[in-house]
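Undergrad: target-v3.cif is the file, holding mmCIF, C-alpha atoms:
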```cif
data_input
loop_
_atom_site.label_atom_id
_atom_site.label_comp_id
_atom_site.auth_asym_id
_atom_site.auth_seq_id
_atom_site.Cartn_x
_atom_site.Cartn_y
_atom_site.Cartn_z
CA MET N 104 91.69 82.27 146.05
CA LEU N 105 93.12 79.12 147.58
CA ALA N 106 95.11 80.92 150.25
CA ILE N 107 91.91 82.56 151.46
CA PHE N 108 89.32 79.84 151.17
CA GLY N 109 91.06 76.46 151.42
CA SER N 110 88.64 73.58 151.89
CA MET N 111 85.14 74.59 150.82
CA GLN N 112 83.26 74.29 154.09
CA PHE N 113 80.27 76.41 155.06
CA LYS N 114 82.42 78.30 157.58
CA GLU N 115 84.62 79.58 154.75
CA ILE N 116 81.69 81.41 153.11
CA PRO N 117 80.92 84.87 154.55
CA GLY N 118 77.46 85.25 156.03
CA GLN N 119 74.45 83.39 154.61
CA HIS N 120 73.73 81.82 158.02
CA GLU N 121 70.06 81.18 157.26
CA ILE N 122 70.80 79.50 153.91
CA LYS N 123 73.49 77.29 155.46
CA ALA N 124 71.17 76.22 158.28
CA ARG N 125 68.41 75.42 155.80
CA LEU N 126 70.69 73.24 153.67
CA ILE N 127 72.04 71.36 156.68
CA GLN N 128 68.55 70.86 158.10
CA SER N 129 67.42 69.32 154.81
CA VAL N 130 70.06 66.61 155.27
CA LYS N 131 69.22 66.00 158.91
CA THR N 132 65.53 65.56 158.11
CA ASN N 133 66.22 63.55 154.94
CA ARG N 134 64.43 66.16 152.84
CA VAL N 135 67.17 67.08 150.39
CA SER N 136 65.66 68.47 147.20
CA HIS N 137 66.60 66.43 144.13
CA ALA N 138 66.82 69.62 142.03
CA LEU N 139 67.75 72.77 143.92
CA LEU N 140 68.18 76.14 142.18
CA LEU N 141 70.47 78.51 144.08
CA SER N 142 69.69 81.91 142.62
CA GLY N 143 71.74 84.99 143.41
CA THR N 144 74.55 87.22 142.26
CA VAL N 145 77.98 85.67 141.85
CA GLY N 146 79.16 87.65 144.87
CA SER N 147 76.39 86.26 147.08
CA GLY N 148 78.35 83.00 147.25
CA ASN N 149 75.71 80.87 145.53
CA TYR N 150 78.31 78.67 143.81
CA ALA N 151 80.44 78.42 146.94
CA LEU N 152 77.31 77.31 148.83
CA ALA N 153 76.73 74.56 146.25
CA LEU N 154 80.31 73.37 146.70
CA ALA N 155 80.05 73.39 150.49
CA PHE N 156 76.69 71.59 150.41
CA ALA N 157 78.06 68.92 148.07
CA GLN N 158 81.02 68.43 150.42
CA TYR N 159 78.66 68.19 153.40
CA LEU N 160 76.54 65.56 151.64
CA GLN N 161 79.61 63.43 150.97
CA CYS N 162 81.40 63.99 154.31
CA GLN N 163 82.05 60.84 156.32
CA ASN N 164 81.95 62.66 159.69
CA PRO N 165 79.68 65.71 159.37
CA SER N 166 78.89 67.83 162.42
CA ASP N 167 75.66 69.66 163.15
CA GLY N 168 76.99 72.74 161.35
CA ASP N 169 79.54 71.72 158.74
CA SER N 170 81.53 69.00 157.01
CA CYS N 171 84.56 67.79 158.97
CA GLY N 172 87.05 69.05 156.38
CA VAL N 173 89.57 66.29 157.14
CA CYS N 174 88.09 62.97 156.03
CA PRO N 175 89.09 61.48 152.65
CA SER N 176 85.78 62.52 151.11
CA CYS N 177 86.25 66.13 152.21
CA HIS N 178 89.74 66.21 150.77
CA GLN N 179 88.42 64.85 147.46
CA SER N 180 85.54 67.34 147.46
CA ALA N 181 87.85 70.26 148.18
CA GLY N 182 90.06 69.22 145.27
CA LEU N 183 87.01 68.84 142.99
CA VAL N 184 87.96 65.21 142.35
CA HIS N 185 85.30 63.36 144.36
CA PRO N 186 84.03 60.55 142.08
CA ASP N 187 80.39 61.22 143.03
CA ILE N 188 80.43 64.99 142.48
CA HIS N 189 80.14 66.05 138.84
CA PHE N 190 80.43 69.50 137.28
CA VAL N 191 78.65 71.18 134.38
CA PHE N 192 79.52 74.66 133.16
CA PRO N 193 79.38 76.69 129.92
CA VAL N 194 82.02 75.73 127.36
CA ALA N 195 82.94 76.66 123.81
CA ARG N 196 84.83 75.21 120.90
CA THR N 197 88.56 75.80 121.05
CA THR N 198 91.40 75.33 118.57
CA SER N 199 92.40 72.09 120.27
CA ASN N 200 88.79 70.86 120.51
CA PRO N 201 86.82 71.97 117.42
CA GLY N 202 83.91 69.53 117.92
CA GLU N 203 80.83 70.09 120.06
CA PRO N 204 82.28 70.68 123.55
CA ALA N 205 81.29 69.32 126.96
CA SER N 206 82.48 70.15 130.46
CA ASP N 207 84.78 67.14 130.73
CA ASP N 208 86.88 68.57 127.88
CA LEU N 209 87.90 71.45 130.16
CA ILE N 210 87.60 69.84 133.59
CA GLU N 211 91.27 70.39 134.50
CA GLU N 212 91.00 74.10 133.62
CA TRP N 213 87.76 74.27 135.61
CA ARG N 214 89.32 72.71 138.71
CA LYS N 215 92.15 75.22 138.68
CA PHE N 216 89.70 78.06 138.08
CA ILE N 217 87.34 77.14 140.94
CA ILE N 218 89.99 76.10 143.46
CA ALA N 219 91.57 79.52 142.89
CA ASP N 220 88.24 81.28 143.40
CA PRO N 221 84.90 79.63 144.33
CA PHE N 222 83.09 82.85 143.33
CA PRO N 223 83.20 82.24 139.56
CA VAL N 224 82.73 85.18 137.19
CA LEU N 225 81.70 84.24 133.66
CA GLU N 226 83.97 86.76 131.97
CA GLU N 227 86.96 85.43 133.91
CA TRP N 228 86.05 81.85 132.93
CA TYR N 229 86.03 82.99 129.31
CA GLY N 230 89.54 84.25 129.85
CA ALA N 231 90.62 80.94 131.41
CA MET N 232 89.25 79.13 128.33
CA LYS N 233 90.92 81.72 126.05
CA ILE N 234 87.66 82.40 124.18
CA GLU N 235 87.09 86.06 125.10
CA ASN N 236 85.41 86.88 121.78
CA LYS N 237 83.12 83.84 121.67
CA GLN N 238 80.01 82.83 123.56
CA ALA N 239 79.97 79.65 125.61
CA GLY N 240 76.97 77.42 126.17
CA ILE N 241 75.74 74.04 127.37
CA PHE N 242 74.96 71.74 124.47
CA LYS N 243 73.44 68.39 123.48
CA ARG N 244 76.61 66.41 124.08
CA GLU N 245 76.68 67.67 127.67
CA SER N 246 73.27 66.15 128.31
CA GLN N 247 74.43 62.83 126.92
CA GLU N 248 77.42 62.90 129.28
CA ILE N 249 75.16 63.72 132.26
CA LEU N 250 72.83 60.83 131.47
CA ARG N 251 75.80 58.48 131.15
CA LYS N 252 77.38 59.55 134.46
CA LEU N 253 74.16 59.38 136.42
CA SER N 254 73.32 55.93 135.07
CA PHE N 255 76.13 54.46 137.19
CA LYS N 256 75.87 53.65 140.88
CA SER N 257 77.69 55.97 143.26
CA TYR N 258 81.30 54.98 143.88
CA GLN N 259 81.79 55.64 147.56
CA ALA N 260 79.03 57.86 148.94
CA ASP N 261 75.27 57.80 149.42
CA TYR N 262 74.72 60.77 147.14
CA LYS N 263 75.50 61.51 143.52
CA VAL N 264 75.72 65.28 143.11
CA LEU N 265 75.79 67.31 139.91
CA ILE N 266 76.70 70.98 140.30
CA PHE N 267 75.32 72.81 137.26
CA TRP N 268 76.65 76.35 136.81
CA LEU N 269 74.51 78.78 134.78
CA PRO N 270 71.66 76.60 133.44
CA GLU N 271 70.50 79.74 131.60
CA LYS N 272 73.28 78.97 129.10
CA MET N 273 71.73 75.62 128.15
CA ASN N 274 70.17 75.28 124.72
CA ILE N 275 66.76 73.71 124.19
CA THR N 276 68.07 70.47 122.70
CA ALA N 277 70.25 69.82 125.73
CA ALA N 278 67.44 70.75 128.10
CA ASN N 279 64.90 68.42 126.51
CA LYS N 280 67.20 65.44 127.01
CA LEU N 281 67.42 66.15 130.74
CA LEU N 282 63.78 66.80 131.59
CA LYS N 283 62.93 63.27 132.74
CA ILE N 284 66.03 62.68 134.86
CA ILE N 285 65.66 66.08 136.57
CA GLU N 286 62.01 65.36 137.36
CA GLU N 287 62.49 61.72 138.33
CA PRO N 288 66.14 61.10 139.27
CA ALA N 289 67.42 57.96 140.91
CA ASP N 290 67.43 57.92 144.72
CA HIS N 291 70.07 60.13 146.34
CA THR N 292 70.79 61.97 143.08
CA VAL N 293 70.97 65.71 143.64
CA PHE N 294 71.10 68.47 141.01
CA LEU N 295 72.48 71.75 142.35
CA PHE N 296 71.71 74.40 139.74
CA VAL N 297 73.47 77.73 140.30
CA THR N 298 72.07 80.75 138.46
CA GLU N 299 72.47 84.48 138.24
CA SER N 300 69.45 84.96 135.92
CA PRO N 301 66.59 82.57 136.72
CA GLY N 302 64.33 84.44 134.29
CA GLU N 303 66.56 83.30 131.41
CA ILE N 304 66.32 79.59 132.26
CA LEU N 305 64.09 77.55 129.97
CA PRO N 306 60.67 77.19 131.67
CA THR N 307 60.72 73.40 131.30
CA ILE N 308 63.88 73.28 133.42
CA LEU N 309 62.87 76.01 135.85
CA SER N 310 59.57 74.33 136.69
CA ARG N 311 61.39 71.16 137.77
CA THR N 312 63.58 72.86 140.36
CA GLN N 313 63.09 74.10 143.89
CA LEU N 314 64.10 77.76 144.05
CA LEU N 315 66.37 78.89 146.87
CA LYS N 316 67.05 82.63 146.67
CA VAL N 317 70.51 83.52 147.92
CA PRO N 318 70.43 87.14 149.13
CA GLY N 319 73.33 89.51 149.37
CA ILE N 320 75.74 88.93 152.23
CA ALA N 321 74.83 90.94 155.34
CA SER N 322 77.03 94.05 155.56
CA GLU N 323 78.44 93.13 158.95
CA ASP N 324 79.40 89.63 157.74
CA LEU N 325 80.93 91.05 154.57
CA LEU N 326 82.93 93.57 156.60
CA ILE N 327 84.28 90.83 158.88
CA ARG N 328 85.38 88.84 155.86
CA LEU N 329 87.02 91.82 154.15
CA LYS N 330 88.94 92.71 157.31
CA LYS N 331 90.22 89.14 157.44
CA ASP N 332 91.17 89.03 153.75
CA TYR N 333 92.63 92.55 153.56
CA PRO N 334 94.03 93.39 157.01
CA ASP N 335 96.16 96.24 155.64
CA MET N 336 93.15 98.17 154.32
CA GLY N 337 92.16 99.49 157.75
CA SER N 338 88.91 101.45 158.02
CA GLU N 339 88.69 101.83 154.23
CA VAL N 340 86.97 98.45 153.96
CA GLU N 341 83.98 99.81 155.91
CA GLY N 342 82.94 102.05 153.03
CA ILE N 343 83.61 99.29 150.54
CA ALA N 344 81.45 96.82 152.48
CA ARG N 345 78.59 99.32 152.38
CA LYS N 346 78.96 100.18 148.71
CA ALA N 347 79.27 96.54 147.63
CA GLN N 348 75.70 95.91 148.84
CA GLY N 349 76.26 92.34 149.95
CA ASP N 350 78.34 91.25 146.96
CA TYR N 351 81.75 89.82 147.86
CA VAL N 352 83.02 89.91 144.28
CA THR N 353 82.06 93.57 143.91
CA ALA N 354 83.86 94.37 147.15
CA ARG N 355 86.94 92.46 146.07
CA ASN N 356 86.98 94.20 142.69
CA MET N 357 86.64 97.57 144.35
CA ILE N 358 89.69 96.80 146.47
CA SER N 359 91.81 95.46 143.65
CA MET N 360 90.23 97.72 141.01
CA SER N 361 90.51 95.06 138.35
CA ASP N 362 91.44 96.07 134.85
CA ALA N 363 87.93 95.25 133.61
CA ALA N 364 86.26 97.50 136.18
CA ARG N 365 88.65 100.35 135.47
CA VAL N 366 88.15 99.99 131.71
CA ASN N 367 84.35 100.05 132.08
CA ARG N 368 84.50 103.20 134.21
CA ASP N 369 86.84 105.06 131.87
CA ARG N 370 84.96 103.86 128.78
CA PHE N 371 81.62 105.03 130.21
CA ILE N 372 82.92 108.47 131.17
CA ARG N 373 84.47 108.94 127.73
CA TRP N 374 81.28 107.77 126.01
CA MET N 375 79.03 110.18 127.94
CA ARG N 376 81.27 113.08 126.97
CA ILE N 377 81.27 111.99 123.33
CA CYS N 378 77.48 111.64 123.33
CA TYR N 379 76.96 115.07 124.86
CA THR N 380 79.24 116.82 122.35
CA MET N 381 77.76 114.68 119.55
CA ASN N 382 81.12 114.26 117.85
CA VAL N 383 80.30 111.82 115.03
CA THR N 384 83.92 110.88 114.35
CA ASP N 385 84.48 110.02 118.01
CA ILE N 386 81.20 108.06 118.15
CA ILE N 387 82.25 105.94 115.17
CA ALA N 388 85.64 105.23 116.75
CA TRP N 389 84.03 104.38 120.10
CA VAL N 390 81.53 102.01 118.44
CA ASP N 391 84.34 100.24 116.59
CA GLU N 392 86.13 99.78 119.92
CA MET N 393 83.00 98.27 121.49
CA CYS N 394 82.53 95.87 118.59
CA GLY N 395 85.92 94.34 119.30
CA ILE N 396 85.48 93.40 122.98
CA GLY N 397 83.02 90.47 122.71
CA ARG N 398 79.40 90.12 123.78
CA GLU N 399 79.95 89.19 127.42
CA ARG N 400 82.11 92.25 128.01
CA GLN N 401 79.59 94.37 126.15
CA LYS N 402 76.87 93.19 128.53
CA LEU N 403 79.06 93.86 131.55
CA PHE N 404 79.74 97.37 130.29
CA LEU N 405 76.05 98.07 129.67
CA ASN N 406 75.13 96.82 133.14
CA TYR N 407 77.81 99.09 134.59
CA GLY N 408 76.37 102.00 132.59
CA LEU N 409 72.87 101.22 133.82
CA GLU N 410 74.11 101.35 137.40
CA MET N 411 75.92 104.65 136.82
CA VAL N 412 72.78 106.22 135.35
CA ARG N 413 70.74 105.03 138.34
CA GLU N 414 73.30 106.32 140.86
CA ASN N 415 73.49 109.71 139.14
CA PHE N 416 69.72 110.03 139.25
CA MET N 417 69.83 109.42 143.01
CA LEU N 418 72.45 112.17 143.30
CA ASN N 419 70.35 114.50 141.15
CA GLN N 420 67.32 113.90 143.37
CA GLY N 421 69.20 114.91 146.50
CA LEU N 422 69.77 111.39 147.78
CA PRO N 423 73.58 111.17 147.92
CA GLU N 424 73.41 108.45 150.59
CA LEU N 425 71.95 106.14 147.92
CA ALA N 426 74.58 107.02 145.31
CA LEU N 427 77.59 104.76 145.79
CA PHE N 428 80.70 105.84 143.86
CA ASP N 429 84.44 105.41 143.98
CA SER N 430 86.51 108.61 144.01
CA GLU N 431 86.82 108.96 140.21
CA GLU N 432 83.14 108.18 139.65
CA GLN N 433 82.30 110.79 142.29
CA ALA N 434 84.42 113.44 140.58
CA PHE N 435 82.72 112.78 137.23
CA SER N 436 79.22 112.49 138.69
CA SER N 437 79.45 115.75 140.63
CA ARG N 438 78.73 117.47 137.29
CA PHE N 439 77.22 114.68 135.23
CA ASN N 440 74.26 114.14 137.59
CA ALA N 441 72.72 117.42 136.42
CA PHE N 442 72.00 115.73 133.08
CA ILE N 443 70.22 112.70 134.64
CA HIS N 444 66.80 113.80 135.82
CA GLN N 445 63.10 112.99 135.79
CA GLY N 446 62.82 114.15 132.20
CA ASN N 447 65.11 111.45 130.82
CA ILE N 448 65.77 108.78 133.47
CA GLU N 449 63.08 106.43 132.19
CA GLY N 450 64.33 106.68 128.61
CA LEU N 451 67.98 106.23 129.57
CA MET N 452 67.35 103.20 131.73
CA LYS N 453 65.24 101.64 129.00
CA GLU N 454 68.03 102.18 126.46
CA PHE N 455 70.57 100.41 128.67
CA SER N 456 68.36 97.54 129.84
CA ASP N 457 66.98 96.87 126.34
CA SER N 458 70.49 96.87 124.90
CA VAL N 459 71.63 94.25 127.43
CA SER N 460 68.77 92.02 126.25
CA HIS N 461 69.49 92.67 122.57
CA ILE N 462 73.19 91.81 122.96
CA GLY N 463 72.13 88.55 124.61
CA MET N 464 70.00 87.84 121.53
CA ASN N 465 72.94 88.35 119.17
CA ALA N 466 72.03 91.82 117.92
CA ASN N 467 74.53 93.43 115.55
CA PRO N 468 76.75 95.41 117.95
CA LYS N 469 77.71 98.10 115.43
CA ILE N 470 74.09 98.95 114.71
CA LEU N 471 73.11 98.67 118.39
CA PHE N 472 75.86 100.90 119.81
CA THR N 473 75.56 103.46 117.00
CA ASP N 474 71.83 103.82 117.54
CA MET N 475 72.25 103.82 121.30
CA SER N 476 74.84 106.60 121.11
CA LEU N 477 72.43 108.74 119.13
CA GLN N 478 69.57 108.04 121.54
CA VAL N 479 71.71 108.73 124.61
CA SER N 480 72.91 111.99 123.02
CA ARG N 481 69.30 113.04 122.48
CA LEU N 482 68.24 112.09 126.00
CA LEU N 483 71.15 113.89 127.68
CA ARG N 484 70.04 117.12 125.97
CA GLN N 485 66.42 116.64 127.01
CA PRO N 486 65.23 119.26 129.54
CA ALA N 487 64.28 118.32 133.08
CA VAL N 488 60.57 118.04 133.89
CA GLY N 489 59.08 120.80 135.97
#
```
Can you turn what I pasted into structure tokens?
TA:
Amino acid sequence: MLAIFGSMQFKEIPGQHEIKARLIQSVKTNRVSHALLLSGTVGSGNYALALAFAQYLQCQNPSDGDSCGVCPSCHQSAGLVHPDIHFVFPVARTTSNPGEPASDDLIEEWRKFIIADPFPVLEEWYGAMKIENKQAGIFKRESQEILRKLSFKSYQADYKVLIFWLPEKMNITAANKLLKIIEEPADHTVFLFVTESPGEILPTILSRTQLLKVPGIASEDLLIRLKKDYPDMGSEVEGIARKAQGDYVTARNMISMSDAARVNRDRFIRWMRICYTMNVTDIIAWVDEMCGIGRERQKLFLNYGLEMVRENFMLNQGLPELALFDSEEQAFSSRFNAFIHQGNIEGLMKEFSDSVSHIGMNANPKILFTDMSLQVSRLLRQPAVG
């Protein structure tokens, strides 16, 4: 959100004081890692931190705590047009570009997307590319473009920086072409990998990076930011800051109640009722609906369902302080939690987590969601232990 964030300086990112200090200290001591992996949830600000660090590296008048924000380099960095900062992100074939895609094909769309919101959500990027029912990736041609760009001398700064969003989306052919340059880059070449799922990154790439875990934003820092961004919300943001558990994007979505979040909630509640009544006609209709939303949205839904099952188990076990719901989730869960207990929690969580993995491996969604509906129906009817 440009009106909120403006120039991407460290001060614009809520919290993460320790991470910011560590990145700045690495510059001061001339110990900048040539391949840094910032691992955390999208709402932790891991991508925003990469942007701010890149701007700090290129700033002509940096202070002890931040880039100046006003020099020509900072203006170029903030506009994502600095000639020595390059961007890599998942892409897909489009109608206008049917060949193997690379990031440069969609760089203008990417600039608009990130300037509007430096907390990028993959599903929203799919929407910006207009490929909601496809899967994006990072392919061989991308690696060729990276090697070409990094073969040139820097234009106007000491550092050449490549910000690489979601390396877990890179295929093995693309990765193999980059192994040498990641391990032995030219002087003052910095790879900033930003990941949400380090366990899904190819081991050959992962082993060549220095891991920097980006934790959730401290609740007090998140609350300060939310009060600044949403001054009309009053004390309501206090509960949101607690429930969001350090994730700025989650907090923002809770405030705006995005269409996607609302759809996932309503779809989950409807599905649980269908599974419990074991209405075959309704199950078939629900499965057909799920098959039409695309794999990334399917994974988001399943992750939401996994969280709802976990929260309802906490409620069932008499730990309401650990169960974080909005008002409609609370109304549903006040009765639903009785069906999530020690007798079925392990099986339910396994169903959801395994299904997320299977969708990521291109499982047939009709078979997966039909079988899952039957298994969930069985588990919901399973008696509690003891």
Undergrad: Here's the selection I'm unsure about, the PyMOL selection byres ((chain N and resi 261-269) around 7); applied to the file above, which residues does it give, as a PyMOL selection string?
TA: chain N and resi 153+157+160-161+187-192+257+260+270-272+291-299
Undergrad: From the options N:Lys233, N:Lys469, N:Arg345, N:Lys243, which residue's atoms come nearest to Leu329 in chain N, counting all atoms listed in the file?
TA: N:Arg345
Undergrad: Would you list the residues near (73.9, 114.9, 120.5), meaning any protein, DNA or RNA residue with an atom at most 7 Å from that point in file coordinates, counting all atoms listed in the file, as an mmCIF file with C-alpha atoms, keeping the file's coordinate frame?
TA:
```
data_model
loop_
_atom_site.group_PDB
_atom_site.id
_atom_site.type_symbol
_atom_site.label_atom_id
_atom_site.label_comp_id
_atom_site.auth_asym_id
_atom_site.auth_seq_id
_atom_site.Cartn_x
_atom_site.Cartn_y
_atom_site.Cartn_z
ATOM 1 C CA CYS N 378 77.480 111.640 123.330
ATOM 2 C CA TYR N 379 76.960 115.070 124.860
ATOM 3 C CA THR N 380 79.240 116.820 122.350
ATOM 4 C CA MET N 381 77.760 114.680 119.550
ATOM 5 C CA LEU N 477 72.430 108.740 119.130
ATOM 6 C CA SER N 480 72.910 111.990 123.020
ATOM 7 C CA ARG N 481 69.300 113.040 122.480
#
```
Undergrad: Would you kindly identify which residues have an atom no farther than 12 Å from (83.0, 112.6, 138.9), using all atoms listed in the file and the file's own coordinates, and write them out as number ranges by chain?
TA: N: 368-369, 371-373, 375, 411, 414-415, 418, 426-441
Undergrad: Skip Ile377 in chain N itself and residues of its chain fewer than 5 positions away, then list as a list in words all residues within 7 Å of it, counting only C-alpha atoms.
TA: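 Residues near the query, excluding close chain neighbours: Asn382, Asp385 and Ile386 of chain N.
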